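Colleague: One structure, as C-alpha cells, below. Some questions next.
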Amino acid sequence: TRDVLAYGALRAFSEAGLQVGRDLGVVGHDDFWPSAVVWPPLTTIRQPVQRIGSIAADILIDNIEGTATPAGKVLFQPDLEVRESTAALVFPREK
C-alpha cells in the first residue's frame with residue numbers, strides 16, 4: 001500500500017533530525033492498519049474499499065448477465081484520517 005511508502009519517509013525524516021508533524025507533514029494513502037501505530041501515527045486517506053468492491057461486482061454481474069447500462073463514472077468520497085504526522089500542522093497550538 002502507499003502508506004508503506006510513507007513509513008520510509010517517516011524514518012528518513014527522523015534520521016535527518018526532522019520532527020514529522022512539527023517541521024513537516026507526511027500523509028499516506030490506503031489506511032493500512034499499522035498506520036495508527038507507527039511513530040508518529042500516520043495521517044492517511046482512506047478509500048471506501050468495501051463499497052468500491054461491491055459496486056464493481058454489481059457492474060461485472062450486470063455485464064455478464066447482459067443487463068449493463070451504458071458506462072458512466074462512479075465517484076467515491078475518501079476520508080482523511082488526521083493523525084500526529086500532520087496534526088500539529090493542521091491544528092497548530094497557540095504560541
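Within each chain, counting starts at residue 1; across the C-alpha cells, chains are named A, B, ... in the order shown, with ligands numbered 1 upward in that order.
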When you look at stretch 31-38 of chain A with a cut-off of 8 Å (counting only C-alpha atoms), what residues show up, excluding the ones that are within fewer than 5 positions of it in the same chain? I need them as a ChimeraX atom specification.

Modeller: /A:1,3-4,7,43-46,83

Colleague: Would you mind exporting the chosen residues as a PDB file, in the first residue's frame, restricted to all heavy atoms?

Modeller:
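The result, written out as out.pdb:
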ATOM      1  N   THR A   1       0.841  -1.188   0.000  1.00  0.00           N
ATOM      2  CA  THR A   1       0.000   0.000   0.000  1.00  0.00           C
ATOM      3  C   THR A   1       0.877   1.239   0.000  1.00  0.00           C
ATOM      4  O   THR A   1       2.060   1.171   0.309  1.00  0.00           O
ATOM      5  CB  THR A   1      -0.922   0.023   1.232  1.00  0.00           C
ATOM      6  OG1 THR A   1      -0.148   0.248   2.379  1.00  0.00           O
ATOM      7  CG2 THR A   1      -1.738  -1.245   1.353  1.00  0.00           C
ATOM      8  N   ASP A   3       0.647   3.673   2.076  1.00  0.00           N
ATOM      9  CA  ASP A   3       1.049   4.024   3.436  1.00  0.00           C
ATOM     10  C   ASP A   3       2.443   3.474   3.728  1.00  0.00           C
ATOM     11  O   ASP A   3       3.238   4.129   4.407  1.00  0.00           O
ATOM     12  CB  ASP A   3       0.070   3.446   4.468  1.00  0.00           C
ATOM     13  CG  ASP A   3      -1.154   4.317   4.698  1.00  0.00           C
ATOM     14  OD1 ASP A   3      -1.233   5.428   4.137  1.00  0.00           O
ATOM     15  OD2 ASP A   3      -2.029   3.881   5.452  1.00  0.00           O
ATOM     16  N   VAL A   4       2.735   2.302   3.212  1.00  0.00           N
ATOM     17  CA  VAL A   4       4.048   1.677   3.447  1.00  0.00           C
ATOM     18  C   VAL A   4       5.158   2.589   2.921  1.00  0.00           C
ATOM     19  O   VAL A   4       6.212   2.720   3.553  1.00  0.00           O
ATOM     20  CB  VAL A   4       4.112   0.277   2.807  1.00  0.00           C
ATOM     21  CG1 VAL A   4       5.504  -0.311   2.900  1.00  0.00           C
ATOM     22  CG2 VAL A   4       3.104  -0.656   3.481  1.00  0.00           C
ATOM     23  N   TYR A   7       5.914   5.205   5.442  1.00  0.00           N
ATOM     24  CA  TYR A   7       6.689   4.755   6.600  1.00  0.00           C
ATOM     25  C   TYR A   7       8.177   5.014   6.369  1.00  0.00           C
ATOM     26  O   TYR A   7       8.895   5.416   7.277  1.00  0.00           O
ATOM     27  CB  TYR A   7       6.489   3.269   6.893  1.00  0.00           C
ATOM     28  CG  TYR A   7       5.067   2.827   7.106  1.00  0.00           C
ATOM     29  CD1 TYR A   7       4.703   1.513   6.894  1.00  0.00           C
ATOM     30  CD2 TYR A   7       4.073   3.714   7.520  1.00  0.00           C
ATOM     31  CE1 TYR A   7       3.402   1.083   7.091  1.00  0.00           C
ATOM     32  CE2 TYR A   7       2.771   3.295   7.709  1.00  0.00           C
ATOM     33  CZ  TYR A   7       2.438   1.974   7.489  1.00  0.00           C
ATOM     34  OH  TYR A   7       1.156   1.551   7.669  1.00  0.00           O
ATOM     35  N   THR A  43      -1.042  10.235   9.287  1.00  0.00           N
ATOM     36  CA  THR A  43      -2.250  10.758   8.661  1.00  0.00           C
ATOM     37  C   THR A  43      -2.399  10.045   7.322  1.00  0.00           C
ATOM     38  O   THR A  43      -1.417   9.859   6.603  1.00  0.00           O
ATOM     39  CB  THR A  43      -2.136  12.281   8.446  1.00  0.00           C
ATOM     40  OG1 THR A  43      -2.089  12.916   9.731  1.00  0.00           O
ATOM     41  CG2 THR A  43      -3.302  12.829   7.648  1.00  0.00           C
ATOM     42  N   THR A  44      -3.615   9.655   6.984  1.00  0.00           N
ATOM     43  CA  THR A  44      -3.801   8.862   5.774  1.00  0.00           C
ATOM     44  C   THR A  44      -5.156   9.137   5.134  1.00  0.00           C
ATOM     45  O   THR A  44      -6.073   9.644   5.783  1.00  0.00           O
ATOM     46  CB  THR A  44      -3.637   7.360   6.083  1.00  0.00           C
ATOM     47  OG1 THR A  44      -3.644   6.618   4.866  1.00  0.00           O
ATOM     48  CG2 THR A  44      -4.725   6.848   6.989  1.00  0.00           C
ATOM     49  N   ILE A  45      -5.258   8.817   3.875  1.00  0.00           N
ATOM     50  CA  ILE A  45      -6.516   8.940   3.137  1.00  0.00           C
ATOM     51  C   ILE A  45      -7.096   7.540   2.999  1.00  0.00           C
ATOM     52  O   ILE A  45      -6.432   6.632   2.512  1.00  0.00           O
ATOM     53  CB  ILE A  45      -6.289   9.574   1.752  1.00  0.00           C
ATOM     54  CG1 ILE A  45      -5.707  10.974   1.925  1.00  0.00           C
ATOM     55  CG2 ILE A  45      -7.579   9.583   0.952  1.00  0.00           C
ATOM     56  CD1 ILE A  45      -5.177  11.587   0.656  1.00  0.00           C
ATOM     57  N   ARG A  46      -8.319   7.386   3.465  1.00  0.00           N
ATOM     58  CA  ARG A  46      -8.983   6.073   3.463  1.00  0.00           C
ATOM     59  C   ARG A  46     -10.028   6.043   2.344  1.00  0.00           C
ATOM     60  O   ARG A  46     -10.873   6.909   2.259  1.00  0.00           O
ATOM     61  CB  ARG A  46      -9.662   5.838   4.816  1.00  0.00           C
ATOM     62  CG  ARG A  46     -10.332   4.495   4.950  1.00  0.00           C
ATOM     63  CD  ARG A  46     -11.067   4.323   6.278  1.00  0.00           C
ATOM     64  NE  ARG A  46     -10.255   4.733   7.421  1.00  0.00           N
ATOM     65  CZ  ARG A  46     -10.591   5.717   8.270  1.00  0.00           C
ATOM     66  NH1 ARG A  46     -11.699   6.378   8.120  1.00  0.00           N
ATOM     67  NH2 ARG A  46      -9.802   6.015   9.274  1.00  0.00           N
ATOM     68  N   ARG A  83      -3.835  12.179  11.861  1.00  0.00           N
ATOM     69  CA  ARG A  83      -3.091  11.649  13.000  1.00  0.00           C
ATOM     70  C   ARG A  83      -1.880  12.557  13.249  1.00  0.00           C
ATOM     71  O   ARG A  83      -1.754  13.608  12.628  1.00  0.00           O
ATOM     72  CB  ARG A  83      -2.674  10.208  12.734  1.00  0.00           C
ATOM     73  CG  ARG A  83      -3.882   9.268  12.587  1.00  0.00           C
ATOM     74  CD  ARG A  83      -3.438   7.817  12.499  1.00  0.00           C
ATOM     75  NE  ARG A  83      -4.558   6.916  12.362  1.00  0.00           N
ATOM     76  CZ  ARG A  83      -4.784   6.152  11.272  1.00  0.00           C
ATOM     77  NH1 ARG A  83      -3.945   6.172  10.241  1.00  0.00           N
ATOM     78  NH2 ARG A  83      -5.821   5.353  11.240  1.00  0.00           N
TER      79      ARG A  83
END

Colleague: Could you give me the residues within chain A that DSSP places in strand (DSSP E or B), as number ranges by chain?

Modeller: A: 20, 24, 27-29, 43-46, 79-81

Colleague: Nearest to A:Glu81 among A:Leu42, A:Val26, A:Gly17, A:Ala12, with distances taken over only C-alpha atoms: which residue is it?

Modeller: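 The shortest atom-to-atom distance to A:Glu81 comes from A:Leu42.
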
Colleague: To one decimal in Å, tell me the separation between atom CA of A:Gly21 and atom CA of A:Pro78.

Modeller: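 Taking atom CA of A:Gly21 as the start and atom CA of A:Pro78 as the end point, the length is 21.7 Å.
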
Colleague: Could you give me the residues within chain A that DSSP places in alpha helix (DSSP H), as a CSV table (one decimal) with all heavy atoms, in the first residue's frame?

Modeller:
chain,number,residue,atom,x,y,z
A,2,ARG,N,0.3,2.3,-0.3
A,2,ARG,CA,1.0,3.6,-0.3
A,2,ARG,C,1.4,4.1,1.0
A,2,ARG,O,2.3,4.9,1.2
A,2,ARG,CB,0.3,4.6,-1.2
A,2,ARG,CG,0.5,4.3,-2.7
A,2,ARG,CD,-0.6,4.9,-3.4
A,2,ARG,NE,-1.5,3.7,-3.7
A,2,ARG,CZ,-2.6,3.7,-4.3
A,2,ARG,NH1,-3.1,4.8,-4.8
A,2,ARG,NH2,-3.4,2.7,-4.5
A,3,ASP,N,0.6,3.7,2.1
A,3,ASP,CA,1.0,4.0,3.4
A,3,ASP,C,2.4,3.5,3.7
A,3,ASP,O,3.2,4.1,4.4
A,3,ASP,CB,0.1,3.4,4.5
A,3,ASP,CG,-1.2,4.3,4.7
A,3,ASP,OD1,-1.2,5.4,4.1
A,3,ASP,OD2,-2.0,3.9,5.5
A,4,VAL,N,2.7,2.3,3.2
A,4,VAL,CA,4.0,1.7,3.4
A,4,VAL,C,5.2,2.6,2.9
A,4,VAL,O,6.2,2.7,3.6
A,4,VAL,CB,4.1,0.3,2.8
A,4,VAL,CG1,5.5,-0.3,2.9
A,4,VAL,CG2,3.1,-0.7,3.5
A,5,LEU,N,5.0,3.2,1.8
A,5,LEU,CA,6.0,4.2,1.3
A,5,LEU,C,6.1,5.3,2.2
A,5,LEU,O,7.3,5.8,2.4
A,5,LEU,CB,5.5,4.7,-0.1
A,5,LEU,CG,5.4,3.6,-1.2
A,5,LEU,CD1,4.8,4.3,-2.5
A,5,LEU,CD2,6.7,3.0,-1.5
A,6,ALA,N,5.1,5.8,2.9
A,6,ALA,CA,5.2,6.9,3.8
A,6,ALA,C,6.0,6.5,5.1
A,6,ALA,O,6.6,7.3,5.7
A,6,ALA,CB,3.8,7.4,4.2
A,7,TYR,N,5.9,5.2,5.4
A,7,TYR,CA,6.7,4.8,6.6
A,7,TYR,C,8.2,5.0,6.4
A,7,TYR,O,8.9,5.4,7.3
A,7,TYR,CB,6.5,3.3,6.9
A,7,TYR,CG,5.1,2.8,7.1
A,7,TYR,CD1,4.7,1.5,6.9
A,7,TYR,CD2,4.1,3.7,7.5
A,7,TYR,CE1,3.4,1.1,7.1
A,7,TYR,CE2,2.8,3.3,7.7
A,7,TYR,CZ,2.4,2.0,7.5
A,7,TYR,OH,1.2,1.6,7.7
A,8,GLY,N,8.6,4.8,5.2
A,8,GLY,CA,10.0,5.1,4.8
A,8,GLY,C,10.3,6.5,4.9
A,8,GLY,O,11.4,6.9,5.4
A,9,ALA,N,9.4,7.4,4.5
A,9,ALA,CA,9.6,8.8,4.7
A,9,ALA,C,9.7,9.2,6.1
A,9,ALA,O,10.5,10.1,6.5
A,9,ALA,CB,8.5,9.6,3.9
A,10,LEU,N,8.8,8.6,7.0
A,10,LEU,CA,8.8,8.9,8.4
A,10,LEU,C,10.2,8.6,9.0
A,10,LEU,O,10.8,9.4,9.7
A,10,LEU,CB,7.8,8.1,9.2
A,10,LEU,CG,6.3,8.4,8.9
A,10,LEU,CD1,5.4,7.4,9.7
A,10,LEU,CD2,6.0,9.8,9.3
A,11,ARG,N,10.8,7.5,8.6
A,11,ARG,CA,12.1,7.1,9.1
A,11,ARG,C,13.2,8.0,8.6
A,11,ARG,O,14.0,8.5,9.3
A,11,ARG,CB,12.4,5.6,8.7
A,11,ARG,CG,13.7,5.2,9.3
A,11,ARG,CD,13.9,3.7,9.0
A,11,ARG,NE,15.2,3.4,9.5
A,11,ARG,CZ,15.7,2.1,9.5
A,11,ARG,NH1,15.0,1.1,9.1
A,11,ARG,NH2,16.9,1.9,10.0
A,12,ALA,N,13.1,8.3,7.3
A,12,ALA,CA,14.2,9.1,6.7
A,12,ALA,C,14.2,10.5,7.3
A,12,ALA,O,15.3,11.1,7.6
A,12,ALA,CB,14.0,9.2,5.2
A,13,PHE,N,13.0,11.1,7.5
A,13,PHE,CA,13.0,12.5,8.1
A,13,PHE,C,13.4,12.4,9.5
A,13,PHE,O,14.1,13.3,10.0
A,13,PHE,CB,11.5,13.0,8.0
A,13,PHE,CG,11.1,13.4,6.6
A,13,PHE,CD1,9.9,13.0,6.1
A,13,PHE,CD2,12.0,14.1,5.8
A,13,PHE,CE1,9.5,13.3,4.8
A,13,PHE,CE2,11.6,14.4,4.5
A,13,PHE,CZ,10.3,14.0,4.0
A,14,SER,N,13.1,11.4,10.3
A,14,SER,CA,13.6,11.2,11.7
A,14,SER,C,15.1,11.1,11.7
A,14,SER,O,15.7,11.8,12.5
A,14,SER,CB,12.9,10.0,12.3
A,14,SER,OG,13.4,9.8,13.6
A,15,GLU,N,15.6,10.3,10.8
A,15,GLU,CA,17.1,10.2,10.8
A,15,GLU,C,17.8,11.5,10.4
A,15,GLU,O,19.0,11.7,10.7
A,15,GLU,CB,17.5,9.0,9.8
A,15,GLU,CG,17.1,7.7,10.3
A,15,GLU,CD,17.4,6.5,9.3
A,15,GLU,OE1,17.8,6.8,8.2
A,15,GLU,OE2,17.2,5.4,9.7
A,49,VAL,N,-13.2,0.9,0.4
A,49,VAL,CA,-12.9,-0.3,-0.4
A,49,VAL,C,-14.0,-1.3,-0.5
A,49,VAL,O,-14.2,-1.9,-1.5
A,49,VAL,CB,-11.6,-0.9,0.0
A,49,VAL,CG1,-10.4,-0.1,-0.2
A,49,VAL,CG2,-11.6,-1.3,1.5
A,50,GLN,N,-14.8,-1.4,0.6
A,50,GLN,CA,-15.9,-2.4,0.6
A,50,GLN,C,-16.9,-1.9,-0.4
A,50,GLN,O,-17.4,-2.7,-1.2
A,50,GLN,CB,-16.6,-2.5,2.0
A,50,GLN,CG,-15.7,-3.1,3.0
A,50,GLN,CD,-15.6,-4.6,3.0
A,50,GLN,OE1,-16.2,-5.2,2.2
A,50,GLN,NE2,-14.7,-5.1,3.8
A,51,ARG,N,-17.2,-0.6,-0.4
A,51,ARG,CA,-18.2,-0.1,-1.3
A,51,ARG,C,-17.7,-0.1,-2.8
A,51,ARG,O,-18.5,-0.5,-3.7
A,51,ARG,CB,-18.6,1.4,-0.9
A,51,ARG,CG,-19.7,1.9,-1.7
A,51,ARG,CD,-20.3,3.1,-1.0
A,51,ARG,NE,-21.4,3.7,-1.9
A,51,ARG,CZ,-21.3,4.8,-2.5
A,51,ARG,NH1,-20.2,5.6,-2.4
A,51,ARG,NH2,-22.3,5.2,-3.3
A,52,ILE,N,-16.5,0.2,-3.0
A,52,ILE,CA,-15.9,0.1,-4.3
A,52,ILE,C,-16.0,-1.4,-4.9
A,52,ILE,O,-16.4,-1.6,-6.0
A,52,ILE,CB,-14.4,0.6,-4.3
A,52,ILE,CG1,-14.4,2.1,-4.0
A,52,ILE,CG2,-13.7,0.2,-5.6
A,52,ILE,CD1,-13.0,2.6,-3.7
A,53,GLY,N,-15.6,-2.3,-4.0
A,53,GLY,CA,-15.7,-3.7,-4.4
A,53,GLY,C,-17.1,-4.2,-4.7
A,53,GLY,O,-17.4,-4.9,-5.7
A,54,SER,N,-18.0,-3.8,-3.9
A,54,SER,CA,-19.4,-4.1,-4.1
A,54,SER,C,-20.0,-3.6,-5.4
A,54,SER,O,-20.6,-4.3,-6.2
A,54,SER,CB,-20.3,-3.6,-2.9
A,54,SER,OG,-21.6,-3.9,-3.1
A,55,ILE,N,-19.7,-2.3,-5.7
A,55,ILE,CA,-20.2,-1.7,-6.9
A,55,ILE,C,-19.5,-2.3,-8.1
A,55,ILE,O,-20.2,-2.6,-9.1
A,55,ILE,CB,-20.1,-0.2,-6.8
A,55,ILE,CG1,-21.1,0.4,-5.8
A,55,ILE,CG2,-20.3,0.4,-8.2
A,55,ILE,CD1,-21.0,1.8,-5.6
A,56,ALA,N,-18.2,-2.6,-8.0
A,56,ALA,CA,-17.5,-3.2,-9.1
A,56,ALA,C,-18.1,-4.6,-9.4
A,56,ALA,O,-18.3,-5.0,-10.6
A,56,ALA,CB,-16.0,-3.4,-8.8
A,57,ALA,N,-18.4,-5.4,-8.3
A,57,ALA,CA,-19.0,-6.7,-8.5
A,57,ALA,C,-20.4,-6.6,-9.2
A,57,ALA,O,-20.7,-7.4,-10.1
A,57,ALA,CB,-19.1,-7.4,-7.2
A,58,ASP,N,-21.2,-5.6,-8.8
A,58,ASP,CA,-22.5,-5.4,-9.4
A,58,ASP,C,-22.4,-5.1,-10.9
A,58,ASP,O,-23.1,-5.6,-11.7
A,58,ASP,CB,-23.3,-4.3,-8.7
A,58,ASP,CG,-23.7,-4.6,-7.3
A,58,ASP,OD1,-23.8,-5.8,-6.9
A,58,ASP,OD2,-24.1,-3.7,-6.5
A,59,ILE,N,-21.4,-4.2,-11.2
A,59,ILE,CA,-21.2,-3.9,-12.6
A,59,ILE,C,-20.8,-5.1,-13.4
A,59,ILE,O,-21.3,-5.3,-14.5
A,59,ILE,CB,-20.2,-2.7,-12.7
A,59,ILE,CG1,-20.8,-1.4,-12.2
A,59,ILE,CG2,-19.7,-2.6,-14.2
A,59,ILE,CD1,-19.8,-0.3,-12.0
A,60,LEU,N,-19.9,-5.9,-12.9
A,60,LEU,CA,-19.4,-7.1,-13.5
A,60,LEU,C,-20.6,-8.1,-13.8
A,60,LEU,O,-20.7,-8.6,-14.9
A,60,LEU,CB,-18.3,-7.8,-12.7
A,60,LEU,CG,-17.8,-9.1,-13.3
A,60,LEU,CD1,-17.1,-8.9,-14.6
A,60,LEU,CD2,-16.8,-9.7,-12.3
A,61,ILE,N,-21.4,-8.3,-12.7
A,61,ILE,CA,-22.5,-9.2,-12.9
A,61,ILE,C,-23.5,-8.7,-13.9
A,61,ILE,O,-24.0,-9.5,-14.7
A,61,ILE,CB,-23.2,-9.4,-11.5
A,61,ILE,CG1,-22.3,-10.2,-10.6
A,61,ILE,CG2,-24.6,-10.1,-11.6
A,61,ILE,CD1,-22.7,-10.2,-9.1
A,62,ASP,N,-23.8,-7.4,-13.9
A,62,ASP,CA,-24.7,-6.8,-14.9
A,62,ASP,C,-24.1,-7.1,-16.3
A,62,ASP,O,-24.9,-7.4,-17.3
A,62,ASP,CB,-24.9,-5.3,-14.7
A,62,ASP,CG,-25.7,-5.0,-13.5
A,62,ASP,OD1,-26.4,-6.0,-13.0
A,62,ASP,OD2,-25.8,-3.9,-13.0
A,63,ASN,N,-22.8,-6.9,-16.5
A,63,ASN,CA,-22.2,-7.2,-17.8
A,63,ASN,C,-22.3,-8.6,-18.2
A,63,ASN,O,-22.6,-9.0,-19.4
A,63,ASN,CB,-20.7,-6.7,-17.8
A,63,ASN,CG,-20.5,-5.3,-18.1
A,63,ASN,OD1,-20.8,-4.8,-19.2
A,63,ASN,ND2,-20.1,-4.5,-17.1
A,64,ILE,N,-22.1,-9.5,-17.3
A,64,ILE,CA,-22.2,-11.0,-17.6
A,64,ILE,C,-23.6,-11.4,-17.9
A,64,ILE,O,-23.8,-12.1,-18.9
A,64,ILE,CB,-21.7,-11.8,-16.4
A,64,ILE,CG1,-20.2,-11.6,-16.2
A,64,ILE,CG2,-22.0,-13.3,-16.5
A,64,ILE,CD1,-19.6,-12.2,-14.9
A,65,GLU,N,-24.6,-10.8,-17.2
A,65,GLU,CA,-26.0,-11.1,-17.5
A,65,GLU,C,-26.6,-10.3,-18.7
A,65,GLU,O,-27.7,-10.6,-19.1
A,65,GLU,CB,-26.8,-10.8,-16.2
A,65,GLU,CG,-26.5,-11.7,-15.1
A,65,GLU,CD,-27.2,-11.4,-13.8
A,65,GLU,OE1,-27.8,-10.3,-13.7
A,65,GLU,OE2,-27.2,-12.2,-12.9
A,84,GLU,N,-1.0,12.1,14.1
A,84,GLU,CA,0.1,13.0,14.6
A,84,GLU,C,1.1,13.4,13.5
A,84,GLU,O,1.8,14.4,13.7
A,84,GLU,CB,0.8,12.4,15.8
A,84,GLU,CG,0.1,12.5,17.1
A,84,GLU,CD,-1.0,11.5,17.3
A,84,GLU,OE1,-1.3,10.7,16.3
A,84,GLU,OE2,-1.6,11.4,18.4
A,85,SER,N,1.2,12.7,12.4
A,85,SER,CA,2.2,13.0,11.3
A,85,SER,C,1.8,14.4,10.7
A,85,SER,O,2.7,14.9,10.0
A,85,SER,CB,2.3,11.9,10.3
A,85,SER,OG,1.2,11.9,9.5
A,86,THR,N,0.6,14.9,10.9
A,86,THR,CA,0.3,16.2,10.4
A,86,THR,C,-0.5,17.0,11.4
A,86,THR,O,-0.8,18.2,11.2
A,86,THR,CB,-0.6,16.1,9.1
A,86,THR,OG1,-1.8,15.5,9.5
A,86,THR,CG2,0.1,15.5,8.0
A,87,ALA,N,-0.8,16.5,12.6
A,87,ALA,CA,-1.8,17.1,13.5
A,87,ALA,C,-1.3,18.5,13.9
A,87,ALA,O,-2.1,19.4,14.0
A,87,ALA,CB,-2.0,16.2,14.7
A,88,ALA,N,0.0,18.7,14.2
A,88,ALA,CA,0.4,20.0,14.7
A,88,ALA,C,0.3,21.0,13.5
A,88,ALA,O,0.2,22.2,13.8
A,88,ALA,CB,1.9,19.9,15.2
A,89,LEU,N,0.4,20.6,12.3
A,89,LEU,CA,0.4,21.5,11.2
A,89,LEU,C,-1.1,21.8,10.9
A,89,LEU,O,-1.4,22.9,10.4
A,89,LEU,CB,1.0,20.8,9.9
A,89,LEU,CG,2.5,20.5,10.1
A,89,LEU,CD1,3.0,19.6,9.0
A,89,LEU,CD2,3.3,21.7,10.3
A,90,VAL,N,-2.0,20.8,11.1
A,90,VAL,CA,-3.4,21.1,10.8
A,90,VAL,C,-4.1,21.8,12.0
A,90,VAL,O,-4.9,22.7,11.8
A,90,VAL,CB,-4.1,19.7,10.6
A,90,VAL,CG1,-5.6,19.9,10.4
A,90,VAL,CG2,-3.5,19.0,9.4
